[in-house]
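Q: Structure in structure tokens, see below.
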Amino acid sequence: MKEKTATLALLGILLGGLAVRSWGIGQGYPDFYGHVDEIGVAASIWNFFRAGTLLPTEFTYPAFYSYLVAGLLWLSAWLGAAPEMERQLDALVLVSYVDPARLALIGRGLSAVLSSLAIFVTYRLGRQAFGPGVGLLAALLLAFSRAPIVQAHQGLPDSTMAFLALLCFYFSWKIYQRGNWLDYAAAGIAAGLVVATKYNGAFSALAIVAGHILRAIAIRASLQKTVLAGKLWLAIGLAFIALFGGSPYLFLAHEKYLAVATYQVSSLDFTLGQTTPWWWIVEGLVGSGYDLGGMALVAGIGWALYRRSPLDWIFLAAWVPSFAYIGSWTRESMHYLLHFYPLLALGGARVVLSLAGHFRPGWLTFVLAAGCILPNVYLGVGHGRQLMRPDTRALAADWIEENLPEGTRLGMTWLPYCPRLDLQPMRQSLRNYYRGNLAAQEYLDAVWRGKPAYHLVNLEVWRQQPVVPEYYRDKVDLEDPETRRIFRRNWLSAGQLRDREVEYIVLPEAVYGRYLRDELPPQGTAAHFHYLKNHTYFKHLIASQSAVAERVASILSGPDTRGGTIHIFRLLP
């Protein structure tokens, strides 16, 4: 292939990859309707400005991604995307209350850009290791793989971590290829920032060791020189420095991260069903890649095991322990292996081109490549179209604002599933806080003009101590954090809702639907109690002949909307 043709092909691939990653990136804006985890990440970033601290409030992930997004937010305000006030910090604090979803847009933009840059780095790596044909086809496979496209639309750390891991793989390859100090330094820094962004990329650091050993074998270095090599220890040292610099509170507030990790492990039994250890990865690759494209990715793993080129060893050094560890998890999601997609694409491209080499005439190569790519293009475009559909939460908010007067008291629960509405207490607090600040008051007037505000009553209540019925006392472990949480959680009764002057109840089916099925967890478990309690409460609340509430509106899930069904009930006197 001529150089000019390859350059034009690469440019087309990059533009196509960026297009499918950018289309639908504003889903739900200006309200906060995206991935549920975006809310916690955004709240932690806003708190950097509100509290004047770099200590996160979200400890599910390390903080490097949050710091990157915070820096981009500051830059956007400096460029004029904030109200004019004496101090830029004050302007950002004000924006955090009236436009919190702005951070999701910035975070998604960062994810889309870095996910697109990964396509270019994959091409460079494939070209250097296996030739321009492999580089281009791998870039094409990666550009339209479903998992990277989906994650690129989310203001979460995954795409950033995957890009940093790819840099670690790239410079680990460079360690084998030429082994200079800068390669070791770059690989070490990338490895440290991977862990500072998201934990599941940690095994990427083993690529450095693999590249170093391959280099030592190539130059016939002794075992002592290999182990004591200053370049290797430079990479290790810089990895820890980058880890601390990228997420210092992993060390300074380690107990908070450990508490969240402990809780997440304890919650698995209550949220998950049957699992298929390790096999779910193979199914996920084929399913997410859709037929030939996914099978090419899976075949690429076998090809790496068969060919065992230097880059294959670098890939396998990180892939094998990741496959063994992540494959054993009960939460089955391919985004945990997102950082391997570039190398899987390289393996898939080699398989496709190897098979195509046996075909005559040569145009069959393009037919085979198209069979791998076109279904994924269809899925990628379909994902963008789905994100552009109106969200049922936004439609529910529109109905409420059109039909319920300002100041109405609404009962809701689990807000990420519910419509986002302006609240009167929050508005009053902001008015009081910015009393005397003319610029802030004018900004609030402009934002709130013509938009009603309401009072919210949370249907959930939390007891200070768990209350365990006698039947369960000898059967459950209250030392388990999730078990304690279940027995502390309760709901407001109809009488309590009336006492709080609630007039309407907003209930997404995602909140209660699973509790109205007949699939009971094993008797005597905390999960069994959790199911029965919720089943009884919601069945009584929303029954068709209920004397508690009547349904006045339903926002239905369907092919023309995005999100689940939401019902609105009027609480009967």
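Scheme for the structure tokens: letters A, B, ... for chains in order shown; per-chain residue numbers from 1; ligand numbers from 1 in order shown.
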Please provide the set of residues having any atom within 10 Å of Ile314 of chain A, restricted to only C-alpha atoms, with same-chain residues fewer than 3 positions apart removed, written as a PDB file with N, CA and C atoms, in the first residue's frame.

A:
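Printed below is around14.pdb as written:
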```pdb
ATOM      1  N   PHE A 169       1.973  -0.299  27.196  1.00  0.00           N
ATOM      2  CA  PHE A 169       2.305  -1.379  26.264  1.00  0.00           C
ATOM      3  C   PHE A 169       3.230  -0.891  25.153  1.00  0.00           C
ATOM      4  N   TYR A 170       2.942   0.294  24.636  1.00  0.00           N
ATOM      5  CA  TYR A 170       3.739   0.836  23.535  1.00  0.00           C
ATOM      6  C   TYR A 170       5.190   1.040  23.957  1.00  0.00           C
ATOM      7  N   SER A 172       6.655  -0.315  26.519  1.00  0.00           N
ATOM      8  CA  SER A 172       7.246  -1.613  26.864  1.00  0.00           C
ATOM      9  C   SER A 172       7.790  -2.283  25.605  1.00  0.00           C
ATOM     10  N   TRP A 173       7.066  -2.136  24.494  1.00  0.00           N
ATOM     11  CA  TRP A 173       7.570  -2.636  23.209  1.00  0.00           C
ATOM     12  C   TRP A 173       8.847  -1.902  22.823  1.00  0.00           C
ATOM     13  N   TYR A 176      11.869  -3.251  24.581  1.00  0.00           N
ATOM     14  CA  TYR A 176      12.444  -4.411  23.883  1.00  0.00           C
ATOM     15  C   TYR A 176      13.191  -3.980  22.621  1.00  0.00           C
ATOM     16  N   SER A 204      -1.136  -4.191  33.764  1.00  0.00           N
ATOM     17  CA  SER A 204      -0.438  -3.626  32.605  1.00  0.00           C
ATOM     18  C   SER A 204       1.039  -3.397  32.906  1.00  0.00           C
ATOM     19  N   LEU A 206       3.080  -5.291  34.202  1.00  0.00           N
ATOM     20  CA  LEU A 206       3.885  -6.476  33.906  1.00  0.00           C
ATOM     21  C   LEU A 206       4.448  -6.443  32.488  1.00  0.00           C
ATOM     22  N   ALA A 207       3.858  -5.611  31.623  1.00  0.00           N
ATOM     23  CA  ALA A 207       4.384  -5.465  30.274  1.00  0.00           C
ATOM     24  C   ALA A 207       5.801  -4.897  30.302  1.00  0.00           C
ATOM     25  N   ILE A 208       6.083  -4.034  31.264  1.00  0.00           N
ATOM     26  CA  ILE A 208       7.426  -3.464  31.395  1.00  0.00           C
ATOM     27  C   ILE A 208       8.429  -4.562  31.709  1.00  0.00           C
ATOM     28  N   VAL A 209       8.081  -5.425  32.631  1.00  0.00           N
ATOM     29  CA  VAL A 209       8.965  -6.532  33.001  1.00  0.00           C
ATOM     30  C   VAL A 209       9.193  -7.444  31.796  1.00  0.00           C
ATOM     31  N   ALA A 210       8.106  -7.724  31.057  1.00  0.00           N
ATOM     32  CA  ALA A 210       8.239  -8.583  29.882  1.00  0.00           C
ATOM     33  C   ALA A 210       9.148  -7.948  28.833  1.00  0.00           C
ATOM     34  N   GLY A 211       8.954  -6.655  28.568  1.00  0.00           N
ATOM     35  CA  GLY A 211       9.807  -5.964  27.602  1.00  0.00           C
ATOM     36  C   GLY A 211      11.254  -5.955  28.030  1.00  0.00           C
ATOM     37  N   HIS A 212      11.483  -5.765  29.323  1.00  0.00           N
ATOM     38  CA  HIS A 212      12.844  -5.747  29.862  1.00  0.00           C
ATOM     39  C   HIS A 212      13.517  -7.115  29.718  1.00  0.00           C
ATOM     40  N   ILE A 213      12.781  -8.183  30.049  1.00  0.00           N
ATOM     41  CA  ILE A 213      13.349  -9.532  29.933  1.00  0.00           C
ATOM     42  C   ILE A 213      13.642  -9.874  28.474  1.00  0.00           C
ATOM     43  N   LEU A 214      12.736  -9.522  27.582  1.00  0.00           N
ATOM     44  CA  LEU A 214      12.952  -9.784  26.153  1.00  0.00           C
ATOM     45  C   LEU A 214      14.180  -9.039  25.648  1.00  0.00           C
ATOM     46  N   ARG A 308       3.782 -16.087  19.383  1.00  0.00           N
ATOM     47  CA  ARG A 308       4.684 -15.697  20.486  1.00  0.00           C
ATOM     48  C   ARG A 308       5.813 -14.774  19.996  1.00  0.00           C
ATOM     49  N   SER A 309       5.426 -13.729  19.270  1.00  0.00           N
ATOM     50  CA  SER A 309       6.379 -12.685  18.908  1.00  0.00           C
ATOM     51  C   SER A 309       6.684 -11.857  20.154  1.00  0.00           C
ATOM     52  N   PRO A 310       7.694 -10.987  20.124  1.00  0.00           N
ATOM     53  CA  PRO A 310       7.985 -10.156  21.307  1.00  0.00           C
ATOM     54  C   PRO A 310       6.768  -9.371  21.801  1.00  0.00           C
ATOM     55  N   LEU A 311       6.003  -8.770  20.881  1.00  0.00           N
ATOM     56  CA  LEU A 311       4.831  -8.031  21.326  1.00  0.00           C
ATOM     57  C   LEU A 311       3.778  -8.966  21.897  1.00  0.00           C
ATOM     58  N   ALA A 317       1.916 -11.237  29.047  1.00  0.00           N
ATOM     59  CA  ALA A 317       2.378 -11.008  30.421  1.00  0.00           C
ATOM     60  C   ALA A 317       1.333 -10.276  31.240  1.00  0.00           C
ATOM     61  N   ALA A 318       0.589  -9.381  30.598  1.00  0.00           N
ATOM     62  CA  ALA A 318      -0.472  -8.649  31.306  1.00  0.00           C
ATOM     63  C   ALA A 318      -1.822  -9.334  31.157  1.00  0.00           C
ATOM     64  N   TRP A 319      -2.073  -9.967  29.994  1.00  0.00           N
ATOM     65  CA  TRP A 319      -3.376 -10.551  29.725  1.00  0.00           C
ATOM     66  C   TRP A 319      -3.658 -11.777  30.583  1.00  0.00           C
ATOM     67  N   LEU A 343      -4.615  -4.299  21.822  1.00  0.00           N
ATOM     68  CA  LEU A 343      -3.788  -5.460  21.522  1.00  0.00           C
ATOM     69  C   LEU A 343      -4.615  -6.625  20.989  1.00  0.00           C
TER      70      LEU A 343
END
```

Q: Can you tell me, as a list in words, what residues are no more than 9 Å from Ile45 of chain A when counting only C-alpha atoms, ignoring any on the same chain fewer than 4 positions away?

A: Gly40, Val41, Phe49, Leu54, Pro56, Thr57, Glu58, Ser66, Tyr67, Val69, Ala70 and Leu103 of chain A

Q: Take the residues from that selection and write them out as a short mmCIF file (atom, residue, chain, number, x, y, z; two decimals), in the first residue's frame, keeping N, CA, C and O atoms.

A:
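Produced file out-v5.cif, reproduced below:
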```cif
data_model
loop_
_atom_site.label_atom_id
_atom_site.label_comp_id
_atom_site.auth_asym_id
_atom_site.auth_seq_id
_atom_site.Cartn_x
_atom_site.Cartn_y
_atom_site.Cartn_z
N GLY A 40 -21.49 10.40 41.10
CA GLY A 40 -20.54 10.39 42.20
C GLY A 40 -19.21 11.01 41.82
O GLY A 40 -18.60 11.75 42.60
N VAL A 41 -18.74 10.71 40.60
CA VAL A 41 -17.46 11.28 40.14
C VAL A 41 -17.58 12.78 40.01
O VAL A 41 -16.70 13.54 40.46
N PHE A 49 -13.64 22.29 44.28
CA PHE A 49 -13.80 23.74 44.21
C PHE A 49 -14.61 24.27 45.38
O PHE A 49 -14.30 25.34 45.92
N LEU A 54 -8.15 18.80 47.53
CA LEU A 54 -7.98 17.76 46.52
C LEU A 54 -8.38 16.39 47.05
O LEU A 54 -8.24 15.38 46.36
N PRO A 56 -10.78 13.57 47.49
CA PRO A 56 -12.03 13.20 46.82
C PRO A 56 -13.13 12.87 47.83
O PRO A 56 -12.87 12.64 49.02
N THR A 57 -14.35 12.84 47.35
CA THR A 57 -15.47 12.30 48.12
C THR A 57 -15.97 11.00 47.51
O THR A 57 -16.81 10.33 48.08
N GLU A 58 -15.48 10.66 46.31
CA GLU A 58 -15.81 9.41 45.63
C GLU A 58 -14.58 8.50 45.68
O GLU A 58 -13.53 8.82 45.13
N SER A 66 -10.27 12.33 37.87
CA SER A 66 -11.00 13.47 38.43
C SER A 66 -10.16 14.74 38.39
O SER A 66 -10.68 15.83 38.11
N TYR A 67 -8.87 14.62 38.67
CA TYR A 67 -8.00 15.79 38.61
C TYR A 67 -7.89 16.31 37.17
O TYR A 67 -7.84 17.53 36.95
N VAL A 69 -10.17 16.10 34.78
CA VAL A 69 -11.43 16.76 34.44
C VAL A 69 -11.54 18.11 35.17
O VAL A 69 -12.00 19.10 34.60
N ALA A 70 -11.10 18.15 36.43
CA ALA A 70 -11.12 19.41 37.18
C ALA A 70 -10.25 20.46 36.48
O ALA A 70 -10.62 21.64 36.39
N LEU A 103 -19.85 18.96 34.18
CA LEU A 103 -18.68 18.10 34.39
C LEU A 103 -18.79 16.80 33.61
O LEU A 103 -17.79 16.26 33.14
#
```

Q: Can you work out the spacing between atom CA of Phe59 of chain A and atom CA of Arg463 of chain A in Å, to one decimal?

A: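 Between these atoms lies a distance of 23.9 Å.
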
Q: If you measure from atom CA of Leu415 of chain A to atom CA of His35 of chain A, what distance in Å do you get, rounded to one decimal?

A: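 Value for the atom CA of Leu415 of chain A-atom CA of His35 of chain A distance: 12.5 Å.
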
Q: Of the candidates A:Asn200, A:Thr276, A:Ser22, A:Asn180, which shows the shortest atom-to-atom distance to Leu234 of chain A, using only C-alpha atoms?

A: A:Asn180

Q: Quick one: of A:Val367, A:Ser328, A:Ala139, A:Ala216, who's nearest to Ile175 of chain A, counting only C-alpha atoms?

A: A:Ala216

Q: Neighbours of Met388 of chain A within 10 Å (only C-alpha atoms; same-chain residues fewer than 3 positions away dropped), as a list of chain:residue names?

A: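 The residues that qualify are A:Trp23, A:Gly24, A:Ile25, A:Gly26, A:Gln27, A:Gly28, A:Gly382, A:His383, A:Gly384, A:Arg385, A:Asp391, A:Asp560, A:Thr561, A:Arg562.
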